[in-house]
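Presented below is the structure to which this report refers.
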Amino acid sequence: MKNNLLKKYTIVGILTLLLVSMMAACSSAPKKETAEKKAQRPIMVQGPMPIEAEHFAERLKNVKEEKSGDFVFYIGTLDDYPVIVAKTGKGMENTAAATAIAIEKYNPIAIINQGTSGGHDPELNVFDIVLGKRTTNLGSLKTADKAENEGIDPTIWKPMDLMASEGSAGEDPNAEKPRFYEGDKELLAAAHAVKDTYTKGKVVDGTIGSADVWNNEVDRIKWFHKNYDTSVEEMEGAAAAQIAKAYDVPFLGIRVLSNNKVNGGKYNPNTATANQGYVYEVVKQYITTVNK
């Protein structure tokens, strides 16, 4: 009788241990699966024109090409990690659409919008690179209230933050302030960690301004530099930053000066390739932090 009871309790004990082990395995499986799923989410690198995207894409391995509308996505690997290069096309609308499509289709872990830009800061030269600690829309503006024949004065136009409220921008006083999209801290840290690999110019933190406007008026450029603290201007970054924020995807703009009208810096197309070389090192560095 005593032996039978001992056997019975032993069997119960073993079954209990098995049940506890199974429950522990089940509870840990989703965590492991989530970590693995996160580690496989691709890094997205955007470039507007072929010269701003294809050099990077050529350095990926196992590349296949996919298209959605006019947007081209080069899907490959870098250091065995999935990386996608998106050729978005020029302009805010193209970039916003390409970014939304990419997020919905590929679920990137981070987005880097990179390419060439025109200088606003007289201290920056052609081949210098600006890390977008902030990115802002320079084309979202509200003009002054003027009647017929009272003229035009862009210097008194006010910023219009379209994200300030869901009502009319004219009803919300907070809408008359620039909207700045902050660069992701981990992406910035990766960019800072490899600054010394870039030898063609300086790498500095700054403000990237974007708009569907090509500013050639030096006084206008100086006005933006003074009122928005812009380092450079281009035509895509703020649109990508806005969509990335809507989906809560880490974002960073990285722009090289291809010219600078405020100090006479002449246009150099080779800056596009130089910037992609630096961004390549940034992505390699960021991969090491994702894989930790």
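Within each chain, counting starts at residue 1; across the structure tokens, chains are named A, B, ... in the order shown, with ligands numbered 1 upward in that order.
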Can you tell me, as a ChimeraX atom specification, which residues in range 80-285 of chain A count as helix (DSSP H, G or I) by DSSP? /A:92-106,154-156,169-171,173-176,185-193,195-197,218-228,237-246,271-285
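Contact shell of range 260-267 of chain A at 12 Å (only C-alpha atoms; same-chain neighbours under 5 positions omitted): Thr116, Ser117, Gly118, Gly119, His120, Asp121, Pro122, Glu123, Leu124, Asn125, Val126, Phe127, Asp128, Trp214, Asn215, Asn216, Glu217, Val218, Asp219, Arg220, Ile221, Lys222, Trp223, His225, Ser231, Val232, Glu233, Glu234 and Ala272 of chain A.
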Residues as selected, N, CA and C atoms, written as a tab-separated table (two decimals), in the first residue's frame, can you do that?
```tsv
chain	number	residue	atom	x	y	z
A	116	THR	N	20.96	64.19	-52.17
A	116	THR	CA	21.65	65.47	-52.28
A	116	THR	C	20.78	66.61	-51.78
A	117	SER	N	21.39	67.79	-51.60
A	117	SER	CA	20.65	68.95	-51.09
A	117	SER	C	21.43	70.22	-51.42
A	118	GLY	N	20.71	71.34	-51.32
A	118	GLY	CA	21.33	72.65	-51.48
A	118	GLY	C	21.58	73.29	-50.13
A	119	GLY	N	22.73	73.92	-49.98
A	119	GLY	CA	23.11	74.49	-48.69
A	119	GLY	C	22.36	75.76	-48.33
A	120	HIS	N	22.04	75.89	-47.06
A	120	HIS	CA	21.49	77.13	-46.48
A	120	HIS	C	22.48	77.78	-45.53
A	121	ASP	N	23.34	76.98	-44.93
A	121	ASP	CA	24.28	77.46	-43.93
A	121	ASP	C	25.60	77.84	-44.63
A	122	PRO	N	26.04	79.10	-44.50
A	122	PRO	CA	27.28	79.51	-45.18
A	122	PRO	C	28.52	78.81	-44.65
A	123	GLU	N	28.43	78.17	-43.48
A	123	GLU	CA	29.56	77.45	-42.91
A	123	GLU	C	29.73	76.04	-43.50
A	124	LEU	N	28.76	75.61	-44.30
A	124	LEU	CA	28.82	74.27	-44.88
A	124	LEU	C	29.22	74.34	-46.34
A	125	ASN	N	29.99	73.35	-46.78
A	125	ASN	CA	30.52	73.32	-48.13
A	125	ASN	C	30.05	72.08	-48.89
A	126	VAL	N	30.22	72.11	-50.20
A	126	VAL	CA	29.90	70.96	-51.04
A	126	VAL	C	30.67	69.74	-50.53
A	127	PHE	N	29.98	68.62	-50.43
A	127	PHE	CA	30.44	67.33	-49.89
A	127	PHE	C	30.28	67.23	-48.38
A	128	ASP	N	29.94	68.31	-47.67
A	128	ASP	CA	29.59	68.17	-46.25
A	128	ASP	C	28.25	67.44	-46.15
A	214	TRP	N	12.20	74.80	-55.58
A	214	TRP	CA	13.65	74.86	-55.77
A	214	TRP	C	14.06	76.32	-55.58
A	215	ASN	N	14.62	76.63	-54.43
A	215	ASN	CA	14.96	78.02	-54.10
A	215	ASN	C	16.32	78.39	-54.67
A	216	ASN	N	16.34	79.40	-55.53
A	216	ASN	CA	17.58	79.94	-56.07
A	216	ASN	C	17.82	81.38	-55.64
A	217	GLU	N	16.86	81.96	-54.93
A	217	GLU	CA	17.00	83.34	-54.46
A	217	GLU	C	17.77	83.32	-53.14
A	218	VAL	N	18.95	83.90	-53.14
A	218	VAL	CA	19.81	83.83	-51.96
A	218	VAL	C	19.14	84.47	-50.75
A	219	ASP	N	18.45	85.58	-50.95
A	219	ASP	CA	17.78	86.22	-49.81
A	219	ASP	C	16.68	85.32	-49.25
A	220	ARG	N	16.00	84.59	-50.11
A	220	ARG	CA	14.97	83.66	-49.65
A	220	ARG	C	15.61	82.52	-48.86
A	221	ILE	N	16.72	82.01	-49.34
A	221	ILE	CA	17.45	80.95	-48.64
A	221	ILE	C	17.89	81.44	-47.26
A	222	LYS	N	18.42	82.66	-47.21
A	222	LYS	CA	18.84	83.23	-45.92
A	222	LYS	C	17.66	83.41	-44.97
A	223	TRP	N	16.49	83.72	-45.53
A	223	TRP	CA	15.28	83.90	-44.70
A	223	TRP	C	14.92	82.57	-44.03
A	225	HIS	N	17.00	80.08	-43.48
A	225	HIS	CA	18.08	79.76	-42.54
A	225	HIS	C	17.88	80.51	-41.21
A	231	SER	N	19.79	73.97	-42.34
A	231	SER	CA	21.16	73.75	-42.80
A	231	SER	C	21.19	73.53	-44.31
A	232	VAL	N	20.18	72.80	-44.80
A	232	VAL	CA	20.07	72.48	-46.22
A	232	VAL	C	18.60	72.42	-46.61
A	233	GLU	N	18.37	72.40	-47.93
A	233	GLU	CA	17.02	72.15	-48.43
A	233	GLU	C	17.04	71.06	-49.48
A	234	GLU	N	15.95	70.30	-49.54
A	234	GLU	CA	15.74	69.29	-50.56
A	234	GLU	C	14.24	69.17	-50.78
A	272	ALA	N	26.36	62.60	-54.67
A	272	ALA	CA	25.32	61.58	-54.45
A	272	ALA	C	25.95	60.23	-54.11
```
Give me the residues near Ala241 in chain A as a CSV table (one decimal) with all heavy atoms, in the first residue's frame, where near means some atom within 8 Å (using only C-alpha atoms) and where sequence neighbours in that chain fewer than 3 positions away do not count.
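File selection.csv, as written:
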```
chain,number,residue,atom,x,y,z
A,135,THR,N,13.8,67.6,-39.1
A,135,THR,CA,13.4,67.8,-40.5
A,135,THR,C,12.1,68.6,-40.5
A,135,THR,O,11.2,68.3,-39.7
A,135,THR,CB,13.2,66.5,-41.2
A,135,THR,OG1,14.5,65.7,-41.1
A,135,THR,CG2,12.9,66.6,-42.7
A,181,TYR,N,10.2,67.4,-37.3
A,181,TYR,CA,10.3,65.9,-37.0
A,181,TYR,C,11.7,65.6,-36.5
A,181,TYR,O,12.7,65.8,-37.2
A,181,TYR,CB,9.9,65.2,-38.3
A,181,TYR,CG,8.6,65.5,-38.8
A,181,TYR,CD1,8.4,66.4,-39.8
A,181,TYR,CD2,7.4,64.8,-38.3
A,181,TYR,CE1,7.1,66.7,-40.3
A,181,TYR,CE2,6.2,65.1,-38.7
A,181,TYR,CZ,6.0,66.1,-39.7
A,181,TYR,OH,4.7,66.4,-40.2
A,237,GLY,N,12.5,64.9,-47.8
A,237,GLY,CA,12.6,64.4,-46.4
A,237,GLY,C,11.5,64.6,-45.5
A,237,GLY,O,11.1,63.6,-44.7
A,238,ALA,N,10.9,65.8,-45.4
A,238,ALA,CA,9.8,66.0,-44.5
A,238,ALA,C,8.6,65.2,-44.8
A,238,ALA,O,7.9,64.8,-43.9
A,238,ALA,CB,9.4,67.5,-44.5
A,244,ALA,N,6.5,58.4,-41.7
A,244,ALA,CA,7.1,57.5,-40.8
A,244,ALA,C,6.6,57.7,-39.3
A,244,ALA,O,6.4,56.8,-38.6
A,244,ALA,CB,8.6,57.7,-40.8
A,245,LYS,N,6.4,59.0,-39.0
A,245,LYS,CA,5.8,59.3,-37.7
A,245,LYS,C,4.4,58.8,-37.5
A,245,LYS,O,4.0,58.3,-36.5
A,245,LYS,CB,5.9,60.8,-37.4
A,245,LYS,CG,5.4,61.2,-36.1
A,245,LYS,CD,5.5,62.7,-35.8
A,245,LYS,CE,5.0,63.1,-34.4
A,245,LYS,NZ,5.6,62.4,-33.3
A,251,PHE,N,13.0,57.2,-37.9
A,251,PHE,CA,13.4,57.9,-39.2
A,251,PHE,C,14.6,58.8,-39.0
A,251,PHE,O,14.8,59.4,-37.9
A,251,PHE,CB,12.2,58.8,-39.6
A,251,PHE,CG,12.5,59.6,-40.8
A,251,PHE,CD1,12.3,59.2,-42.1
A,251,PHE,CD2,13.0,60.9,-40.6
A,251,PHE,CE1,12.7,60.0,-43.2
A,251,PHE,CE2,13.3,61.7,-41.7
A,251,PHE,CZ,13.1,61.3,-43.0
A,252,LEU,N,15.4,58.9,-40.0
A,252,LEU,CA,16.5,59.8,-40.0
A,252,LEU,C,16.8,60.3,-41.5
A,252,LEU,O,16.8,59.5,-42.4
A,252,LEU,CB,17.8,59.2,-39.5
A,252,LEU,CG,19.0,60.1,-39.4
A,252,LEU,CD1,18.8,61.3,-38.5
A,252,LEU,CD2,20.3,59.4,-39.1
```
Counting only C-alpha atoms, figure out which residue out of A:Ala97, A:Asn227, A:Thr289, A:Phe180 gets nearest to Ile156 in chain A. A:Asn227
Near Thr77 in chain A, counting only C-alpha atoms, which residues have an atom at most 7 Å away, once you skip same-chain residues fewer than 4 positions from it, shown as a ChimeraX atom specification? /A:60-62,81-83
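Using only C-alpha atoms for every distance, the candidate list A:Thr136, A:Gln242, A:Asn174, A:Asn149 yields A:Thr136 as the residue closest to Gly206 in chain A.
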Mind checking which residues fall within 8 Å of range 86-95 of chain A, counting only C-alpha atoms, ignoring those fewer than 4 positions away in the same chain, and posting them as a ChimeraX atom specification? /A:44-50,53-54,70-74,99,210-212,235-240
Would you pick out the contacts of Lys146 in chain A at 12 Å or less, using only C-alpha atoms, so that residues sharing its chain but fewer than 5 positions from it are not included, and give the list as a list of chain:residue names? A:Gly151, A:Ile152, A:Asp153, A:Pro154, A:Ile156, A:Trp157
DSSP strand (DSSP E or B) residues within range 104-247 of chain A, as JSON, numbers by chain: {"A": [110, 111, 112, 113, 114, 115, 116, 117, 118, 119, 129, 130, 131, 132, 133, 134, 135, 136, 137, 141, 142, 158, 159, 180, 181, 182, 203, 204, 205, 206, 207, 208, 209, 210, 232, 233, 234]}
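Straight-line separation from CA of Val194 in chain A to CA of Asn137 in chain A: 27.8 Å.
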Restricting the calculation to only C-alpha atoms, which member of A:Leu187, A:Ala100, A:Val213, A:Val282 is positioned closest to Ala246 in chain A? A:Ala100
Quick check, in Å to one decimal: how far apart do CA of Tyr198 in chain A and CA of Lys64 in chain A lie?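 Computing it gives 28.6 Å between the two atoms.
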Across A:Glu182, A:Glu66, A:Glu58, A:Asp80, the smallest distance to Leu131 in chain A, with only C-alpha atoms counted, is shown by A:Glu182
Between CA of Pro269 in chain A and CA of Ile51 in chain A, what distance in Å does the model show, to one decimal? 8.3 Å
Selected residue, from A:Asp79, A:Asp184, A:Ala102, A:Gly201, that lies nearest to Tyr280 in chain A when counting only C-alpha atoms: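 Smallest separation from Tyr280 in chain A among the options: A:Asp79.
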Residue with smallest distance to Ile129 in chain A - pool A:Asn291, A:Ser68, A:Thr207, A:Gln285, counting only C-alpha atoms: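 Between A:Asn291, A:Ser68, A:Thr207, A:Gln285, the residue approaching Ile129 in chain A most closely is A:Thr207.
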